[in-house]
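Below is one structure; the comments refer to it alone.
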Amino acid sequence: EHYKPLILATWEHGMAANDKAWEVLTTTGDIVDAVEQGVMVTELDLQNLSVGLQGLPDREGIATLDASIMIGDGSCGSVGFVRQVKHPISLARKVMEETPHVMLVGEGARQFAVAQGFPMEEEVLSPKSEELFQEWKKTSQYKPIINIENHDTIGMIGLGADGKMAGSCTTSGLAYKMHGRVGDSPIIGAGLFVDDEVGAATATGLGESIIRICGSFLIVELMRQGRTPQEACEEAVRRLIAKNKNIDDIQAGFLALNKEGEYGAYSVRQGFNYARHQNGGRDLIDSKFKL
Ligand code: SD4
């Protein structure tokens with residue numbers, strides 16, 4: 001069997017991440033390495049305030065990170081509320097490959113990183129994050145901000161020529177969240193889900209709204225029942241709007257891909273976009289939206 005390789009990633013920063021992922025996929029054929037190494041680019045991107053240690057901190061001024069990785073055969077790993085690790089996606093992969101568990105959080109995840117030889121970074125905010133945090137502290141009013149300048153969590157899903165599918169998701173979470181808050185990104189089925197009998201989905205936006213509907217799992221199951229990726233994303237957004245009371249304060253977006261290489265995207269409101277890499281080109285595409 002021969003499949004049509006395709007990689008999708010959320011937001012504009014998905015372009016640089018996909019460039020790397022596509023290079024890995026076309027040189028090695030390995031979709032798991034591709035989705036890991038792709039989002040590692042974003043984890044180091046100092047311009048990005050929603051992914052990696054340079055991201056905006058929680059309300060105590062501490063950057064805590066969430067990440068997950070999943071393969072279409074059901075293998076998965078994730079880390080939540082982890083500190084001092086530059087590449088939480090690689091730590092999530094170690095949880096998947098080196099432990100009998102799926103998820104490690106907080107200090108335990110950090111200790112596992114040390115044991116795996118990950119370098120520990122000093123806890124200093126990046127200059128931009130420090131500046132914005134000091135500004136925020138003046139009023140300290142926690143309000144979710146819709147579409148924070150189009151920088152957001154990166155979720156990546158892909159299909160290799162061998163028919164294998166995989167996905168990755170990594171974030172510093174919501175800016176100024178409560179200490180200990182974990183979002184959708186490391187929750188398998190919420191921020192990411194992959195089943196290579198069917199397809200893959202990933203999410204971005206207000207994590208609480210996505211967890212509430214098991215967004216990514218929902219989309220994969222809808223595709224299993226015959227919906228196209230686009231139809232499945234639209235139904236997930238409909239469900240999300242129905243189940244979240246404060247919808248005026250919420251942005252969330254979904255990306256989906258099936259085994260045939262068909263894909264779709266949909267968001268609650270305008271502003272969501274995604275990167276698409278396939279044979280013959282790379283583009284940044286505006287998602288359709290509901291409200
Ligand atoms: C979260 N989905 O932790 C992530 C947030 C996000 O900028 O997309 N952030 O809820």
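The way I read the labels, and the way they are meant: chains A, B, ... in the order of the structure tokens, residue 1 as the first residue of every chain, and ligand 1 as the first ligand shown, with later ones counted on from there.
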| Which residues, written as a list in words, have at least one atom at most 9 Å from Ala67 of chain A, with only C-alpha atoms counted and residues fewer than 6 positions away on the same chain left out? |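 Within the cut-off, the hits are Gly77, Ser78, Val79, Gly80, His87, Pro88, Ile89, Ser90, Leu91, Ala92, Ser168, Cys169, Thr170, Thr171, Ser172, Ser185, Pro186 and Ile187 of chain A.
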Take the residues from that selection and write them out as a PDB file, in the first residue's frame, keeping N, CA and C atoms.
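This is the output file again_24.pdb:
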ATOM      1  N   GLY A  77       2.555   9.086  25.053  1.00  0.00           N
ATOM      2  CA  GLY A  77       3.223   9.543  26.264  1.00  0.00           C
ATOM      3  C   GLY A  77       2.997  11.027  26.425  1.00  0.00           C
ATOM      4  N   SER A  78       2.969  11.469  27.690  1.00  0.00           N
ATOM      5  CA  SER A  78       2.785  12.906  27.891  1.00  0.00           C
ATOM      6  C   SER A  78       3.393  13.361  29.206  1.00  0.00           C
ATOM      7  N   VAL A  79       3.632  14.663  29.269  1.00  0.00           N
ATOM      8  CA  VAL A  79       4.081  15.301  30.513  1.00  0.00           C
ATOM      9  C   VAL A  79       3.227  16.540  30.756  1.00  0.00           C
ATOM     10  N   GLY A  80       2.939  16.790  32.024  1.00  0.00           N
ATOM     11  CA  GLY A  80       2.159  17.968  32.376  1.00  0.00           C
ATOM     12  C   GLY A  80       2.826  18.722  33.510  1.00  0.00           C
ATOM     13  N   HIS A  87      12.727  20.733  26.113  1.00  0.00           N
ATOM     14  CA  HIS A  87      11.990  19.959  25.106  1.00  0.00           C
ATOM     15  C   HIS A  87      11.019  18.974  25.759  1.00  0.00           C
ATOM     16  N   PRO A  88       9.905  19.502  26.257  1.00  0.00           N
ATOM     17  CA  PRO A  88       8.909  18.603  26.857  1.00  0.00           C
ATOM     18  C   PRO A  88       8.402  17.537  25.877  1.00  0.00           C
ATOM     19  N   ILE A  89       8.415  17.824  24.571  1.00  0.00           N
ATOM     20  CA  ILE A  89       7.949  16.806  23.619  1.00  0.00           C
ATOM     21  C   ILE A  89       8.856  15.572  23.653  1.00  0.00           C
ATOM     22  N   SER A  90      10.164  15.806  23.816  1.00  0.00           N
ATOM     23  CA  SER A  90      11.101  14.679  23.860  1.00  0.00           C
ATOM     24  C   SER A  90      10.949  13.910  25.172  1.00  0.00           C
ATOM     25  N   LEU A  91      10.606  14.649  26.229  1.00  0.00           N
ATOM     26  CA  LEU A  91      10.344  13.991  27.511  1.00  0.00           C
ATOM     27  C   LEU A  91       9.069  13.135  27.408  1.00  0.00           C
ATOM     28  N   ALA A  92       8.049  13.661  26.740  1.00  0.00           N
ATOM     29  CA  ALA A  92       6.822  12.883  26.516  1.00  0.00           C
ATOM     30  C   ALA A  92       7.144  11.607  25.742  1.00  0.00           C
ATOM     31  N   SER A 168       1.919  15.272  17.627  1.00  0.00           N
ATOM     32  CA  SER A 168       2.623  15.855  18.766  1.00  0.00           C
ATOM     33  C   SER A 168       1.939  17.161  19.138  1.00  0.00           C
ATOM     34  N   CYS A 169       2.081  17.537  20.396  1.00  0.00           N
ATOM     35  CA  CYS A 169       1.435  18.763  20.850  1.00  0.00           C
ATOM     36  C   CYS A 169       2.267  19.299  22.001  1.00  0.00           C
ATOM     37  N   THR A 170       2.603  20.585  22.007  1.00  0.00           N
ATOM     38  CA  THR A 170       3.445  21.116  23.084  1.00  0.00           C
ATOM     39  C   THR A 170       3.111  22.583  23.341  1.00  0.00           C
ATOM     40  N   THR A 171       3.124  22.967  24.623  1.00  0.00           N
ATOM     41  CA  THR A 171       2.645  24.298  24.993  1.00  0.00           C
ATOM     42  C   THR A 171       3.166  24.731  26.357  1.00  0.00           C
ATOM     43  N   SER A 172       3.214  26.035  26.566  1.00  0.00           N
ATOM     44  CA  SER A 172       3.420  26.548  27.927  1.00  0.00           C
ATOM     45  C   SER A 172       2.054  26.841  28.560  1.00  0.00           C
ATOM     46  N   SER A 185      -3.441  19.966  26.162  1.00  0.00           N
ATOM     47  CA  SER A 185      -2.361  19.482  25.294  1.00  0.00           C
ATOM     48  C   SER A 185      -1.733  18.159  25.725  1.00  0.00           C
ATOM     49  N   PRO A 186      -1.553  17.899  27.039  1.00  0.00           N
ATOM     50  CA  PRO A 186      -0.966  16.606  27.422  1.00  0.00           C
ATOM     51  C   PRO A 186      -2.021  15.537  27.696  1.00  0.00           C
ATOM     52  N   ILE A 187      -3.294  15.878  27.539  1.00  0.00           N
ATOM     53  CA  ILE A 187      -4.354  14.914  27.808  1.00  0.00           C
ATOM     54  C   ILE A 187      -4.668  14.175  26.513  1.00  0.00           C
TER      55      ILE A 187
END
| field | Every residue of segment 28-134 of chain A that DSSP places in strand (DSSP E or B), as a PyMOL selection string | value | chain A and resi 65-71+76-82+103-105
| task | Identify all residues of segment 129-263 of chain A in alpha helix (DSSP H) (DSSP on the backbone) and supply them as a count of residues only. | result | 39
Close residues to ligand 1 using only C-alpha atoms and all ligand atoms, limit 8 Å, as a PDB file with C-alpha atoms, in the first residue's frame:
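Written output follows (part11.pdb):
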ATOM      1  CA  LEU A  49       5.136  33.110  23.909  1.00  0.00           C
ATOM      2  CA  SER A  50       2.890  30.031  24.120  1.00  0.00           C
ATOM      3  CA  VAL A  51       5.350  27.179  23.645  1.00  0.00           C
ATOM      4  CA  ASP A  66       2.615  20.443  28.856  1.00  0.00           C
ATOM      5  CA  ASN A 147      -5.956  34.531  19.812  1.00  0.00           C
ATOM      6  CA  ILE A 148      -2.935  35.889  21.603  1.00  0.00           C
ATOM      7  CA  HIS A 151       0.877  32.717  18.734  1.00  0.00           C
ATOM      8  CA  ASP A 152      -0.500  29.608  20.256  1.00  0.00           C
ATOM      9  CA  THR A 153       0.080  26.007  21.124  1.00  0.00           C
ATOM     10  CA  ILE A 154       1.575  23.869  18.416  1.00  0.00           C
ATOM     11  CA  THR A 171       2.645  24.298  24.993  1.00  0.00           C
ATOM     12  CA  SER A 172       3.420  26.548  27.927  1.00  0.00           C
ATOM     13  CA  GLY A 173      -0.345  26.626  28.400  1.00  0.00           C
ATOM     14  CA  LEU A 174      -2.531  29.531  29.206  1.00  0.00           C
ATOM     15  CA  ALA A 175      -0.728  32.712  30.205  1.00  0.00           C
ATOM     16  CA  VAL A 182      -2.841  21.559  33.190  1.00  0.00           C
ATOM     17  CA  GLY A 183      -4.528  22.129  29.843  1.00  0.00           C
ATOM     18  CA  ASP A 184      -5.707  19.899  27.037  1.00  0.00           C
ATOM     19  CA  SER A 185      -2.361  19.482  25.294  1.00  0.00           C
ATOM     20  CA  GLY A 191      -5.315  17.977  22.737  1.00  0.00           C
ATOM     21  CA  ALA A 203      -6.468  21.059  19.172  1.00  0.00           C
ATOM     22  CA  THR A 204      -5.467  24.561  20.166  1.00  0.00           C
ATOM     23  CA  GLY A 205      -7.149  27.277  22.177  1.00  0.00           C
ATOM     24  CA  LEU A 206      -8.726  27.356  25.626  1.00  0.00           C
ATOM     25  CA  GLY A 207      -7.821  23.929  26.996  1.00  0.00           C
ATOM     26  CA  GLU A 208     -10.689  23.689  29.454  1.00  0.00           C
ATOM     27  CA  ILE A 210     -11.441  21.256  24.690  1.00  0.00           C
ATOM     28  CA  ALA A 252     -10.505  26.990  20.104  1.00  0.00           C
TER      29      ALA A 252
END
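Each of A:Arg239, A:Lys164, A:His179, A:Lys245 was checked against Pro5 of chain A using only C-alpha atoms; the smallest atom-to-atom distance is that of A:Lys164.
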| query | Within 9 Å of Arg110 of chain A, counting only C-alpha atoms, which residues qualify if same-chain residues fewer than 4 places away don't, as a list in words? | reply |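 Once the adjacent positions are removed, what remains is Val82, Arg83, Gln84, Val85, Leu104, Val105, Gly106, Val114, Ala115 and Met120 of chain A.
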| Residue among A:Lys138, A:Lys288, A:Arg276, A:Lys243 lying closest to Asp19 of chain A, counting only C-alpha atoms |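 Checking each of A:Lys138, A:Lys288, A:Arg276, A:Lys243 against Asp19 of chain A, counting only C-alpha atoms, the winner is A:Arg276.
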| Nearest candidate to Gly155 of chain A (options A:Met70, A:Ala113, A:Ile247, A:Val237; using only C-alpha atoms) | A:Met70
| said: From the options A:Ile285, A:Cys76, A:Leu8, A:Ile211, which residue's atoms come nearest to Ile157 of chain A, counting only C-alpha atoms? | reply: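 Using only C-alpha atoms, Ile157 of chain A sits closest to A:Leu8.
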| query | Quick one: of A:Met156, A:Arg238, A:Gln47, A:Ile62, who's nearest to Ala17 of chain A, counting only C-alpha atoms? | reply |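 Using only C-alpha atoms, Ala17 of chain A sits closest to A:Met156.
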| request: Have a look at A:Ala166, A:Val39, A:Leu132, A:Ala242 and name the one nearest to Leu6 of chain A; count only C-alpha atoms. | output: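 Going through A:Ala166, A:Val39, A:Leu132, A:Ala242 one by one, the smallest distance to Leu6 of chain A is for A:Ala166.
Across the model, the gap from atom CA of Asp45 of chain A to atom CA of Trp136 of chain A is 22.3 Å.
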| Using only C-alpha atoms, which residues sit within 8 Å of segment 261-264 of chain A once same-chain residues fewer than 2 positions away are excluded, as a list in words? | Tyr3, Lys4, Pro5, Leu6, Leu159, Thr228, Pro229, Gln230, Glu231, Cys233, Leu255, Ala256, Leu257, Asn258, Lys259 and Tyr266 of chain A
